[in-house]
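Here's the structure, in structure tokens; my notes come after.
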Amino acid sequence: MRTLTFILILLFSISGCASKEPLSDAGLGVRHQETGENSHFRFGNLPFEKYVEITKRKILRNRVDITVENKEKILAANSPFEWKPDAKKCPKNYQNRYKNGVLMLHGLSDSPFHMQELARYFVGKCYLVRAMLLPGHGTVPGDLLRTRYEEWIKATEYGINSFKGLADNLSLVGFSTGGALSVYGALKREDIKSVLLFAPALKIKNDKIFLSGTVETLSGVVDSLTWVDLAEDVDYAKYESFPINAAYQIYQLTLRTDQLLKKRTIKIPIFIAASEDDMTIETARTVEFFTGLDNKKNRMILYSNKTQNFKDDRITIKPGRYPKENVSELSHLSLLASPDNAHYGRKGEYRNCLHYLQIVEKMERCKSEIRIPAGEILTGKLSGPVFKRLTYNPDFHGLLKEIDNFLISIDQSFTVSD
């Protein structure tokens, strides 16, 4: 029993939101039970439009927080989507195909909402955009209790195959777990033009605790040995409760990806953006992965507060600290949301204070005080002044410019941002 308790304590950084304190007393409810509808990917060769339609119905049946007032907002945030570019500005070719398509893959416990601002950018560049909802996501956290990473791979394969005959070139865009899936897809396929990764989960923090498959024995034993976090799940675009199985599955995905990387390399152009202060994924592994790739067109943006001297001139260092924004460093959650994001932005409706789940007074202050610092949940910060976890990127528009430069380098016909 002491071994299992030790594992739970170490698991805090895997979810990217738990503290070293015991589990929340939010209690188990319907949302912590598996629905039976969302652990597997069983769409075969159905048209993408049908996949979206069926998934929306599944979300409506199983979400426990849907009301008449918020129904459309929740559906829009959690459903897979297809966005087509303006037909007048972006005509198809003589074969009735788009020049470029992009498949977007979200992170663990997230939703397609987290990819929407970047999707809007690509649509504006004449890309046909499709975004997946990974199995276990978009309904209730309980659906992550038994889903396996192989199901996420199936969803990725389906998404890639769905572009057949629709786009001449296909790019993969992935955040966190979606980044790992994008790397896996690029290693397995030869029909991908480029890959764009944002805080890719190539290695997670504290992954050694999963040696020998210990976590597989935990599921279903007792509640406290099944969940890393039990929270209120007030964020309609991301689970706040987090089961151990979810962390174990991303760990297994990283192992499988590493096995492929030992046999193959990625030769197509890759763009990566990451924060050195990320407390969910191991950014040093991401840098190591990047520097091991030979393509001269590859580019990496590393947000850091340290003085860096990389020999690889394909790596650009950008500051992680923004004093005018009261931001100390960029968090894992922050890269793909703009300061104007209505939900996660500078004046957004949601604040991430989950690192104070067991510190009630600080949680209340984090949620209510008008102006508090924002950053990453670095070691030792919980005992210091109250702060919220940063959920937007102060340099979001600068990041889009960097993406512009990358895409121009691989496609001279590409048009820059306004």
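Chain labels follow the order of the structure tokens: the first chain is A, the next B, and so on; residue numbering restarts at 1 in every chain, and ligands are counted from 1 in their shown order.
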Taking the DSSP assignment computed from this structure's backbone, write out as a ChimeraX atom specification all residues of stretch 134-380 of chain A that belong to strand (DSSP E or B).
/A:167-175,194-198,204,227-229,242-243,270-275,281,299-304,315-319,322,327,352,374-375
Please identify the alpha helix (DSSP H) residues within stretch 172-207 of chain A (assignment by DSSP from backbone atoms) and present them as a list in words.
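These are the residues in question: Thr177, Gly178, Gly179, Ala180, Leu181, Ser182, Val183, Tyr184, Gly185, Ala186, Leu187 and Lys188 of chain A.
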Set out as JSON lines a contact list for stretch 185-204 of chain A and stretch 320-334 of chain A with a cut-off of 10 Å, giving each residue of stretch 185-204 of chain A that qualifies its closest atom pair and distance in Å to one decimal, counting only C-alpha atoms, ordered by chain and rising residue number.
{"residue": "A:Phe198", "atom": "CA", "partner": "A:His332", "partner_atom": "CA", "distance": 9.2}
{"residue": "A:Ala199", "atom": "CA", "partner": "A:His332", "partner_atom": "CA", "distance": 6.7}
{"residue": "A:Pro200", "atom": "CA", "partner": "A:His332", "partner_atom": "CA", "distance": 9.7}
Shortest interatomic distance to A:Lys99 - which of A:Met279, A:Glu376, A:Asp411, A:Lys205, counting only C-alpha atoms:
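Of all the options, A:Asp411 lies closest to A:Lys99.
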A:Ser275 environment, 6 Å, only C-alpha atoms, sequence neighbours closer than 2 positions dropped, as a PyMOL selection string:
chain A and resi 277-278+302-303+330
Contacts of stretch 181-191 of chain A at 9 Å or less, counting only C-alpha atoms, minus same-chain residues fewer than 3 places along, as number ranges by chain?
A: 104-105, 152-153, 156-157, 160, 169-170, 172-178, 194-197, 200-202, 253, 256-257, 260-261, 264-266, 268
Selection: 7 Å around A:Ala237, only C-alpha atoms, excl. self and same-chain fewer than 3 positions, as a short mmCIF file (atom, residue, chain, number, x, y, z; two decimals) with N, CA, C and O atoms, in the first residue's frame:
data_model
loop_
_atom_site.label_atom_id
_atom_site.label_comp_id
_atom_site.auth_asym_id
_atom_site.auth_seq_id
_atom_site.Cartn_x
_atom_site.Cartn_y
_atom_site.Cartn_z
N ALA A 77 -17.12 23.63 -28.37
CA ALA A 77 -15.80 23.47 -27.75
C ALA A 77 -15.29 22.04 -27.84
O ALA A 77 -14.10 21.81 -28.04
N ASN A 78 -16.18 21.06 -27.72
CA ASN A 78 -15.75 19.68 -27.55
C ASN A 78 -15.89 18.80 -28.80
O ASN A 78 -15.34 17.69 -28.82
N ASP A 110 -7.92 17.45 -22.78
CA ASP A 110 -8.34 18.67 -23.47
C ASP A 110 -9.51 18.39 -24.42
O ASP A 110 -10.13 17.34 -24.39
N SER A 111 -9.73 19.34 -25.32
CA SER A 111 -10.78 19.25 -26.32
C SER A 111 -10.32 19.96 -27.58
O SER A 111 -9.32 20.70 -27.56
N PHE A 113 -11.36 22.56 -28.69
CA PHE A 113 -11.37 24.01 -28.44
C PHE A 113 -9.96 24.57 -28.37
O PHE A 113 -9.70 25.68 -28.81
#
Env of A:Ile250: 9 Å cut, atoms = only C-alpha atoms, seq-sep filter 5 positions within chain, self excluded. Answer as an mmCIF file with N, CA, C and O atoms, in the first residue's frame.
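Output (around-v5.cif):
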data_model
loop_
_atom_site.group_PDB
_atom_site.id
_atom_site.type_symbol
_atom_site.label_atom_id
_atom_site.label_comp_id
_atom_site.auth_asym_id
_atom_site.auth_seq_id
_atom_site.Cartn_x
_atom_site.Cartn_y
_atom_site.Cartn_z
ATOM 1 N N LEU A 108 -4.009 15.785 -23.800
ATOM 2 C CA LEU A 108 -4.641 14.893 -22.842
ATOM 3 C C LEU A 108 -5.539 15.679 -21.889
ATOM 4 O O LEU A 108 -5.105 16.679 -21.302
ATOM 5 N N ARG A 148 -7.406 3.382 -24.140
ATOM 6 C CA ARG A 148 -6.002 3.054 -24.337
ATOM 7 C C ARG A 148 -5.409 3.897 -25.450
ATOM 8 O O ARG A 148 -6.120 4.353 -26.340
ATOM 9 N N TYR A 149 -4.099 4.071 -25.401
ATOM 10 C CA TYR A 149 -3.442 4.940 -26.375
ATOM 11 C C TYR A 149 -3.606 4.422 -27.803
ATOM 12 O O TYR A 149 -3.597 5.199 -28.767
ATOM 13 N N THR A 177 -0.154 15.649 -25.963
ATOM 14 C CA THR A 177 -0.403 14.291 -26.425
ATOM 15 C C THR A 177 -0.638 14.266 -27.931
ATOM 16 O O THR A 177 -0.186 13.359 -28.636
ATOM 17 N N ALA A 180 2.665 14.095 -29.607
ATOM 18 C CA ALA A 180 3.231 12.745 -29.656
ATOM 19 C C ALA A 180 2.560 11.929 -30.749
ATOM 20 O O ALA A 180 3.221 11.178 -31.483
ATOM 21 N N ALA A 201 4.366 15.919 -26.124
ATOM 22 C CA ALA A 201 4.606 15.010 -24.999
ATOM 23 C C ALA A 201 5.481 13.840 -25.443
ATOM 24 O O ALA A 201 5.045 12.687 -25.479
ATOM 25 N N LYS A 203 8.215 13.095 -23.796
ATOM 26 C CA LYS A 203 8.567 12.500 -22.515
ATOM 27 C C LYS A 203 7.849 13.298 -21.442
ATOM 28 O O LYS A 203 7.848 14.530 -21.460
ATOM 29 N N ILE A 204 7.233 12.591 -20.493
ATOM 30 C CA ILE A 204 6.522 13.262 -19.428
ATOM 31 C C ILE A 204 7.384 13.315 -18.171
ATOM 32 O O ILE A 204 8.327 12.548 -18.012
ATOM 33 N N ASN A 245 -5.052 6.219 -15.211
ATOM 34 C CA ASN A 245 -4.937 5.519 -16.493
ATOM 35 C C ASN A 245 -4.559 6.459 -17.629
ATOM 36 O O ASN A 245 -3.805 6.088 -18.532
ATOM 37 N N LEU A 255 6.663 5.567 -25.056
ATOM 38 C CA LEU A 255 7.536 4.404 -25.217
ATOM 39 C C LEU A 255 7.463 3.859 -26.639
ATOM 40 O O LEU A 255 8.483 3.542 -27.254
#
